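> Sharing query02.cif below, mmCIF, C-alpha atoms:
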data_start
#
loop_
_atom_site.label_atom_id
_atom_site.label_comp_id
_atom_site.auth_asym_id
_atom_site.auth_seq_id
_atom_site.Cartn_x
_atom_site.Cartn_y
_atom_site.Cartn_z
CA GLY R 1 15.80 18.34 26.27
CA ALA R 2 17.44 17.67 22.94
CA GLY R 3 18.54 14.17 22.14
CA VAL R 4 21.37 13.03 19.90
CA SER R 5 21.11 14.74 16.55
CA GLN R 6 22.60 13.42 13.32
CA SER R 7 22.80 15.02 9.92
CA PRO R 8 22.08 14.51 7.16
CA SER R 9 19.33 11.96 7.73
CA ASN R 10 19.83 10.61 4.21
CA LYS R 11 22.75 10.90 1.85
CA VAL R 12 23.10 9.56 -1.66
CA THR R 13 26.56 9.85 -3.12
CA GLU R 14 28.45 8.61 -6.14
CA LYS R 15 31.11 5.98 -5.78
CA GLY R 16 34.48 7.58 -5.23
CA LYS R 17 33.19 10.75 -3.58
CA ASP R 18 33.95 11.74 0.01
CA VAL R 19 31.15 12.15 2.56
CA GLU R 20 31.00 13.73 5.98
CA LEU R 21 28.46 12.72 8.59
CA ARG R 22 27.76 14.77 11.66
CA CYS R 23 26.70 13.92 15.20
CA ASP R 24 25.62 16.33 17.94
CA PRO R 25 25.64 14.45 21.25
CA ILE R 26 23.49 15.20 24.26
CA SER R 27 24.95 18.15 26.13
CA GLY R 28 27.25 17.01 28.93
CA HIS R 29 27.78 13.53 27.54
CA THR R 30 31.48 12.82 27.46
CA ALA R 31 31.30 9.49 25.63
CA LEU R 32 30.43 9.23 21.94
CA TYR R 33 30.17 6.13 19.76
CA TRP R 34 29.84 5.61 16.02
CA TYR R 35 28.33 2.41 14.62
CA ARG R 36 27.56 1.12 11.16
CA GLN R 37 24.51 -1.03 10.50
CA ARG R 38 24.04 -2.71 7.17
CA LEU R 39 20.56 -3.77 6.14
CA GLY R 40 19.38 -6.68 8.26
CA GLN R 41 22.63 -6.83 10.22
CA GLY R 42 23.69 -5.97 13.77
CA LEU R 43 25.55 -2.90 14.98
CA GLU R 44 29.18 -2.77 13.88
CA PHE R 45 31.35 -0.68 16.22
CA LEU R 46 33.48 1.92 14.45
CA ILE R 47 35.01 4.36 16.93
CA TYR R 48 34.65 5.60 20.52
CA PHE R 49 35.52 9.00 21.99
CA GLN R 50 35.77 9.74 25.70
CA GLY R 51 36.40 13.36 26.64
CA ASN R 52 39.89 14.41 25.61
CA SER R 53 41.33 10.89 25.72
CA ALA R 54 42.72 9.23 22.60
CA PRO R 55 39.82 7.64 20.71
CA ASP R 56 39.42 3.89 20.31
CA LYS R 57 39.64 3.50 16.53
CA SER R 58 39.82 -0.28 16.56
CA GLY R 59 36.52 -0.69 14.68
CA LEU R 60 37.31 1.49 11.67
CA PRO R 61 37.20 -0.89 8.66
CA SER R 62 39.80 0.84 6.52
CA ASP R 63 41.93 3.96 6.28
CA ARG R 64 39.19 5.54 4.17
CA PHE R 65 37.28 6.02 7.42
CA SER R 66 38.19 8.69 9.96
CA ALA R 67 36.42 10.58 12.70
CA GLU R 68 37.04 13.62 14.78
CA ARG R 69 35.64 15.12 17.92
CA THR R 70 36.74 18.26 19.66
CA GLY R 71 36.35 17.97 23.42
CA GLU R 72 32.82 16.95 24.31
CA SER R 73 31.10 18.49 21.34
CA VAL R 74 30.20 17.61 17.79
CA SER R 75 31.76 14.66 16.01
CA THR R 76 32.20 14.12 12.29
CA LEU R 77 32.72 10.79 10.55
CA THR R 78 34.39 11.08 7.16
CA ILE R 79 34.43 8.38 4.51
CA GLN R 80 36.80 9.02 1.63
CA ARG R 81 36.48 7.51 -1.82
CA THR R 82 33.18 5.85 -0.96
CA GLN R 83 32.47 2.32 -2.18
CA GLN R 84 29.15 0.58 -2.63
CA GLU R 85 29.83 -1.62 0.40
CA ASP R 86 29.85 1.56 2.52
CA SER R 87 26.09 1.81 2.01
CA ALA R 88 24.54 1.46 5.45
CA VAL R 89 22.97 3.39 8.29
CA TYR R 90 25.56 5.18 10.41
CA LEU R 91 24.42 5.56 14.00
CA CYS R 92 25.88 7.81 16.65
CA ALA R 93 25.30 7.36 20.38
CA SER R 94 26.36 9.34 23.42
CA SER R 95 26.44 8.60 27.12
CA ALA R 96 27.61 10.06 30.38
CA ARG R 97 30.80 8.58 31.75
CA SER R 98 29.27 6.50 34.50
CA MET R 99 29.15 2.81 35.26
CA ASN R 100 25.40 2.42 35.13
CA THR R 101 24.51 4.80 32.36
CA GLU R 102 23.01 3.81 29.06
CA ALA R 103 23.76 5.21 25.62
CA PHE R 104 21.28 7.28 23.65
CA PHE R 105 21.19 6.99 19.89
CA GLY R 106 20.57 9.47 17.14
CA GLN R 107 18.23 8.55 14.32
CA GLY R 108 21.14 7.75 12.05
CA THR R 109 22.33 8.76 8.61
CA ARG R 110 21.29 6.45 5.81
CA LEU R 111 24.12 6.44 3.29
CA THR R 112 23.61 5.09 -0.20
CA VAL R 113 26.57 4.86 -2.56
CA VAL R 114 25.54 4.53 -6.20
CA ARG H 1 34.41 -16.03 20.97
CA LYS H 2 32.41 -12.80 20.76
CA GLU H 3 32.30 -10.74 23.90
CA VAL H 4 28.48 -10.59 23.87
CA GLU H 5 26.53 -13.39 22.22
CA GLN H 6 22.86 -13.70 21.42
CA ASP H 7 20.77 -16.18 19.48
CA PRO H 8 19.83 -14.22 16.35
CA GLY H 9 16.45 -15.92 16.02
CA PRO H 10 14.01 -15.22 14.58
CA PHE H 11 11.64 -16.20 17.34
CA ASN H 12 8.14 -16.46 15.88
CA VAL H 13 5.53 -16.62 18.63
CA PRO H 14 1.75 -16.22 18.76
CA GLU H 15 0.12 -13.32 20.55
CA GLY H 16 -0.19 -13.99 24.25
CA ALA H 17 2.81 -16.32 24.40
CA THR H 18 5.70 -16.00 26.82
CA VAL H 19 9.13 -15.80 25.23
CA ALA H 20 12.60 -15.62 26.75
CA PHE H 21 15.94 -14.52 25.34
CA ASN H 22 19.35 -15.19 26.78
CA CYS H 23 22.58 -13.35 26.28
CA THR H 24 26.03 -14.48 27.38
CA TYR H 25 29.04 -12.26 27.99
CA SER H 26 32.67 -13.23 28.27
CA ASN H 27 34.21 -10.40 30.29
CA SER H 28 33.75 -11.18 33.98
CA ALA H 29 34.65 -7.58 34.84
CA SER H 30 31.45 -6.33 33.20
CA GLN H 31 29.62 -4.01 35.53
CA SER H 32 26.20 -3.14 34.18
CA PHE H 33 23.80 -4.56 31.68
CA PHE H 34 20.95 -3.39 29.50
CA TRP H 35 18.36 -4.57 27.03
CA TYR H 36 17.65 -2.34 24.05
CA ARG H 37 14.89 -2.64 21.51
CA GLN H 38 15.33 -1.79 17.84
CA ASP H 39 12.37 -1.50 15.53
CA CYS H 40 12.81 -1.95 11.81
CA ARG H 41 14.66 1.01 10.28
CA LYS H 42 14.82 2.82 13.61
CA GLU H 43 17.58 3.49 16.10
CA PRO H 44 18.01 1.28 19.21
CA LYS H 45 16.24 2.49 22.33
CA LEU H 46 16.71 1.45 25.93
CA LEU H 47 14.13 -1.08 27.05
CA MET H 48 15.42 -1.70 30.55
CA SER H 49 18.50 -1.90 32.70
CA VAL H 50 19.32 -5.23 34.32
CA TYR H 51 20.06 -5.33 38.04
CA SER H 52 21.68 -8.07 40.07
CA SER H 53 18.48 -8.86 41.91
CA GLY H 54 16.46 -9.01 38.72
CA ASN H 55 13.89 -6.43 37.78
CA GLU H 56 10.47 -6.26 36.26
CA ASP H 57 8.71 -3.64 34.19
CA GLY H 58 5.16 -4.61 33.37
CA ARG H 59 5.29 -7.65 31.08
CA PHE H 60 9.08 -7.57 30.89
CA THR H 61 11.43 -9.24 33.36
CA ALA H 62 15.22 -9.04 33.19
CA GLN H 63 17.60 -11.18 35.19
CA LEU H 64 21.35 -11.32 35.64
CA ASN H 65 23.39 -14.39 36.52
CA ARG H 66 26.94 -13.23 37.23
CA ALA H 67 28.24 -16.70 38.07
CA SER H 68 27.25 -18.06 34.65
CA GLN H 69 27.73 -14.71 32.93
CA TYR H 70 24.40 -14.39 31.24
CA ILE H 71 21.42 -12.10 31.27
CA SER H 72 17.90 -12.89 30.23
CA LEU H 73 14.78 -11.09 29.10
CA LEU H 74 11.33 -12.59 29.58
CA ILE H 75 8.31 -11.17 27.81
CA ARG H 76 4.91 -12.30 29.03
CA ASP H 77 1.61 -11.99 27.16
CA SER H 78 3.35 -11.01 23.90
CA LYS H 79 1.76 -8.27 21.82
CA LEU H 80 2.08 -7.65 18.09
CA SER H 81 3.85 -4.42 19.02
CA ASP H 82 6.61 -6.38 20.74
CA SER H 83 7.89 -7.46 17.32
CA ALA H 84 11.39 -6.00 17.11
CA THR H 85 15.05 -6.89 17.54
CA TYR H 86 16.25 -7.06 21.14
CA LEU H 87 19.85 -6.10 21.78
CA CYS H 88 21.84 -7.18 24.80
CA VAL H 89 24.34 -4.54 25.99
CA VAL H 90 27.16 -4.91 28.47
CA ASN H 91 29.06 -2.06 30.14
CA ARG H 92 32.48 -3.45 30.92
CA TRP H 93 33.58 -0.12 32.39
CA THR H 94 37.24 -0.91 31.83
CA GLY H 95 39.03 -1.10 28.53
CA ASN H 96 38.88 1.21 25.60
CA THR H 97 35.21 1.04 24.78
CA PRO H 98 32.87 0.47 27.71
CA LEU H 99 29.63 -0.45 25.98
CA VAL H 100 29.52 -3.65 23.94
CA PHE H 101 26.40 -4.52 21.94
CA GLY H 102 25.23 -7.96 20.97
CA LYS H 103 24.00 -8.52 17.42
CA GLY H 104 20.40 -8.84 18.58
CA THR H 105 17.59 -11.37 18.69
CA ARG H 106 14.67 -10.92 16.32
CA LEU H 107 11.18 -11.44 17.65
CA SER H 108 8.06 -11.68 15.52
CA VAL H 109 4.74 -11.87 17.33
CA ILE H 110 2.07 -13.31 15.09
CA ALA H 111 -1.69 -12.77 15.31
#
With the file now loaded, output its structure as structure tokens.

Amino acid sequence: GAGVSQSPSNKVTEKGKDVELRCDPISGHTALYWYRQRLGQGLEFLIYFQGNSAPDKSGLPSDRFSAERTGESVSTLTIQRTQQEDSAVYLCASSARSMNTEAFFGQGTRLTVV
Amino acid sequence: RKEVEQDPGPFNVPEGATVAFNCTYSNSASQSFFWYRQDCRKEPKLLMSVYSSGNEDGRFTAQLNRASQYISLLIRDSKLSDSATYLCVVNRWTGNTPLVFGKGTRLSVIA
């Protein structure tokens, strides 16, 4: 079956522009996570969605970052007025809502702000 | 204190060596535990789940110590292909965000 799909795989944008990153979770997975990973660094939690519950936005670094998800489907992460420090790989993961289930990751979007 | 802590390494070991990583977690309500592997410039992938009784998968052994709140990963007979970053993951089940990832431990296996 299909895994987690992210698009685009690579994005180069000019400083100050807005970008939108997309994540298609595994069908039936109610939980969806966004992470940021800078070069050589660990995963940095951004936001978590669970079904129709209010998302946990506690990891969003600034108000330039926002994310949406409708129900249990596609999610988009939007970065407004991009800065060079936003350059990173943005990873999306989904999981079933179960105590012993693992998360499955997409291949990520590599964002470069020039 | 971070909720999930790992020694970042790097651990540089020769081929054939045995190497062990520990990971500590602070939330005693945590319910399930995993080790992920992340290769350079790739996404993390599940290596193995960690069960209370300990579990083994080939050269890899994972153990959980709930009393001391740590999990471990043992790799025997290291291969060059084991070189990667190993991420400890805790499912705390409760709270806003169930899965919490450690920052990872880097392993380099040298010929």
> Which residues would end up in the selection if the PyMOL selection byres ((chain H) within 12 of (chain R)) were applied here, given that I need the answer as JSON, numbers by chain?
{"H": [5, 6, 8, 10, 29, 30, 31, 32, 33, 34, 35, 36, 37, 38, 39, 40, 41, 42, 43, 44, 45, 46, 47, 48, 49, 50, 51, 84, 85, 86, 87, 88, 89, 90, 91, 92, 93, 94, 95, 96, 97, 98, 99, 100, 101, 102, 103, 104, 105, 106]}
> Emit the selected residues as a PDB file, keeping the file's coordinate frame, including C-alpha atoms.

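Generated file (selection.pdb):
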ATOM      1  CA  GLU H   5      26.530 -13.390  22.220  1.00  0.00           C
ATOM      2  CA  GLN H   6      22.860 -13.700  21.420  1.00  0.00           C
ATOM      3  CA  PRO H   8      19.830 -14.220  16.350  1.00  0.00           C
ATOM      4  CA  PRO H  10      14.010 -15.220  14.580  1.00  0.00           C
ATOM      5  CA  ALA H  29      34.650  -7.580  34.840  1.00  0.00           C
ATOM      6  CA  SER H  30      31.450  -6.330  33.200  1.00  0.00           C
ATOM      7  CA  GLN H  31      29.620  -4.010  35.530  1.00  0.00           C
ATOM      8  CA  SER H  32      26.200  -3.140  34.180  1.00  0.00           C
ATOM      9  CA  PHE H  33      23.800  -4.560  31.680  1.00  0.00           C
ATOM     10  CA  PHE H  34      20.950  -3.390  29.500  1.00  0.00           C
ATOM     11  CA  TRP H  35      18.360  -4.570  27.030  1.00  0.00           C
ATOM     12  CA  TYR H  36      17.650  -2.340  24.050  1.00  0.00           C
ATOM     13  CA  ARG H  37      14.890  -2.640  21.510  1.00  0.00           C
ATOM     14  CA  GLN H  38      15.330  -1.790  17.840  1.00  0.00           C
ATOM     15  CA  ASP H  39      12.370  -1.500  15.530  1.00  0.00           C
ATOM     16  CA  CYS H  40      12.810  -1.950  11.810  1.00  0.00           C
ATOM     17  CA  ARG H  41      14.660   1.010  10.280  1.00  0.00           C
ATOM     18  CA  LYS H  42      14.820   2.820  13.610  1.00  0.00           C
ATOM     19  CA  GLU H  43      17.580   3.490  16.100  1.00  0.00           C
ATOM     20  CA  PRO H  44      18.010   1.280  19.210  1.00  0.00           C
ATOM     21  CA  LYS H  45      16.240   2.490  22.330  1.00  0.00           C
ATOM     22  CA  LEU H  46      16.710   1.450  25.930  1.00  0.00           C
ATOM     23  CA  LEU H  47      14.130  -1.080  27.050  1.00  0.00           C
ATOM     24  CA  MET H  48      15.420  -1.700  30.550  1.00  0.00           C
ATOM     25  CA  SER H  49      18.500  -1.900  32.700  1.00  0.00           C
ATOM     26  CA  VAL H  50      19.320  -5.230  34.320  1.00  0.00           C
ATOM     27  CA  TYR H  51      20.060  -5.330  38.040  1.00  0.00           C
ATOM     28  CA  ALA H  84      11.390  -6.000  17.110  1.00  0.00           C
ATOM     29  CA  THR H  85      15.050  -6.890  17.540  1.00  0.00           C
ATOM     30  CA  TYR H  86      16.250  -7.060  21.140  1.00  0.00           C
ATOM     31  CA  LEU H  87      19.850  -6.100  21.780  1.00  0.00           C
ATOM     32  CA  CYS H  88      21.840  -7.180  24.800  1.00  0.00           C
ATOM     33  CA  VAL H  89      24.340  -4.540  25.990  1.00  0.00           C
ATOM     34  CA  VAL H  90      27.160  -4.910  28.470  1.00  0.00           C
ATOM     35  CA  ASN H  91      29.060  -2.060  30.140  1.00  0.00           C
ATOM     36  CA  ARG H  92      32.480  -3.450  30.920  1.00  0.00           C
ATOM     37  CA  TRP H  93      33.580  -0.120  32.390  1.00  0.00           C
ATOM     38  CA  THR H  94      37.240  -0.910  31.830  1.00  0.00           C
ATOM     39  CA  GLY H  95      39.030  -1.100  28.530  1.00  0.00           C
ATOM     40  CA  ASN H  96      38.880   1.210  25.600  1.00  0.00           C
ATOM     41  CA  THR H  97      35.210   1.040  24.780  1.00  0.00           C
ATOM     42  CA  PRO H  98      32.870   0.470  27.710  1.00  0.00           C
ATOM     43  CA  LEU H  99      29.630  -0.450  25.980  1.00  0.00           C
ATOM     44  CA  VAL H 100      29.520  -3.650  23.940  1.00  0.00           C
ATOM     45  CA  PHE H 101      26.400  -4.520  21.940  1.00  0.00           C
ATOM     46  CA  GLY H 102      25.230  -7.960  20.970  1.00  0.00           C
ATOM     47  CA  LYS H 103      24.000  -8.520  17.420  1.00  0.00           C
ATOM     48  CA  GLY H 104      20.400  -8.840  18.580  1.00  0.00           C
ATOM     49  CA  THR H 105      17.590 -11.370  18.690  1.00  0.00           C
ATOM     50  CA  ARG H 106      14.670 -10.920  16.320  1.00  0.00           C
TER      51      ARG H 106
END
> Could you please determine the separation between atom CA of Glu20 of chain R and atom CA of Leu77 of chain R in Å, to one decimal place?
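Rounded to one decimal, the two atoms are 5.7 Å apart.
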> Mind giving me the axis-aligned box for segment 6-15 of chain H with 5 Å on every side, centre plus edges in Å to one decimal, as lines of an AutoDock Vina configuration file?

center_x = 11.5
center_y = -15.0
center_z = 18.0
size_x = 32.7
size_y = 13.3
size_z = 16.8
> When you count all atoms listed in the file, which of these residues is closest to Asp24 of chain R: R:Val4, R:Leu46, R:Ala96, R:Ile79?
R:Val4
> Need the shell around segment 57-62 of chain H: protein/DNA/RNA residues with any atom at most 7 Å away, counting all atoms listed in the file. Skip same-chain ones fewer than 6 positions apart. Format as an MDAnalysis selection string?
chainID H and resid 50 72:77
> Give me, please, the distance in Å between atom CA of Val19 of chain H and atom CA of Leu80 of chain H, quoted to one decimal.
12.9 Å
> Which one of H:Asn27, H:Leu107, H:Glu15, H:Phe21 sits closest to Lys2 of chain H if you count all atoms listed in the file?
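Using all atoms listed in the file, the shortest distance to Lys2 of chain H belongs to H:Asn27.
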> How far is it from atom CA of Trp34 of chain R to atom CA of Lys17 of chain R, in Å with one decimal?
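Atom CA of Lys17 of chain R lies at a distance of 20.5 Å from atom CA of Trp34 of chain R.
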> What does the PyMOL selection byres ((chain R and resi 113) around 9) select in this file, as an mmCIF file with C-alpha atoms, in the coordinates of the input?

data_model
loop_
_atom_site.group_PDB
_atom_site.id
_atom_site.type_symbol
_atom_site.label_atom_id
_atom_site.label_comp_id
_atom_site.auth_asym_id
_atom_site.auth_seq_id
_atom_site.Cartn_x
_atom_site.Cartn_y
_atom_site.Cartn_z
ATOM 1 C CA LYS R 11 22.750 10.900 1.850
ATOM 2 C CA VAL R 12 23.100 9.560 -1.660
ATOM 3 C CA THR R 13 26.560 9.850 -3.120
ATOM 4 C CA GLU R 14 28.450 8.610 -6.140
ATOM 5 C CA LYS R 15 31.110 5.980 -5.780
ATOM 6 C CA GLY R 16 34.480 7.580 -5.230
ATOM 7 C CA LYS R 17 33.190 10.750 -3.580
ATOM 8 C CA THR R 82 33.180 5.850 -0.960
ATOM 9 C CA GLN R 83 32.470 2.320 -2.180
ATOM 10 C CA GLN R 84 29.150 0.580 -2.630
ATOM 11 C CA GLU R 85 29.830 -1.620 0.400
ATOM 12 C CA ASP R 86 29.850 1.560 2.520
ATOM 13 C CA SER R 87 26.090 1.810 2.010
ATOM 14 C CA ALA R 88 24.540 1.460 5.450
ATOM 15 C CA LEU R 111 24.120 6.440 3.290
ATOM 16 C CA THR R 112 23.610 5.090 -0.200
ATOM 17 C CA VAL R 114 25.540 4.530 -6.200
#
> So which residues get picked by the PyMOL selection byres ((chain R and resi 76) around 7) here, written as a list in words?
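Taken on the displayed file, the PyMOL selection byres ((chain R and resi 76) around 7) yields the residues Glu20, Leu21, Arg22, Cys23, Ala67, Glu68, Arg69, Val74, Ser75, Leu77 and Thr78 of chain R.
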> With distances taken over all atoms listed in the file, which of H:Ser108, H:Ser68, H:Gln63, H:Ser53 is nearest to Ala17 of chain H?
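When distances to Ala17 of chain H are compared using all atoms listed in the file, the smallest one comes from H:Ser108.
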> May I ask which of the residues R:Thr30, R:Thr70, R:Ser94, R:Ser5 is the closest one to Gly51 of chain R, counting all atoms listed in the file?
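Ranking R:Thr30, R:Thr70, R:Ser94, R:Ser5 by distance to Gly51 of chain R, first place goes to R:Thr30.
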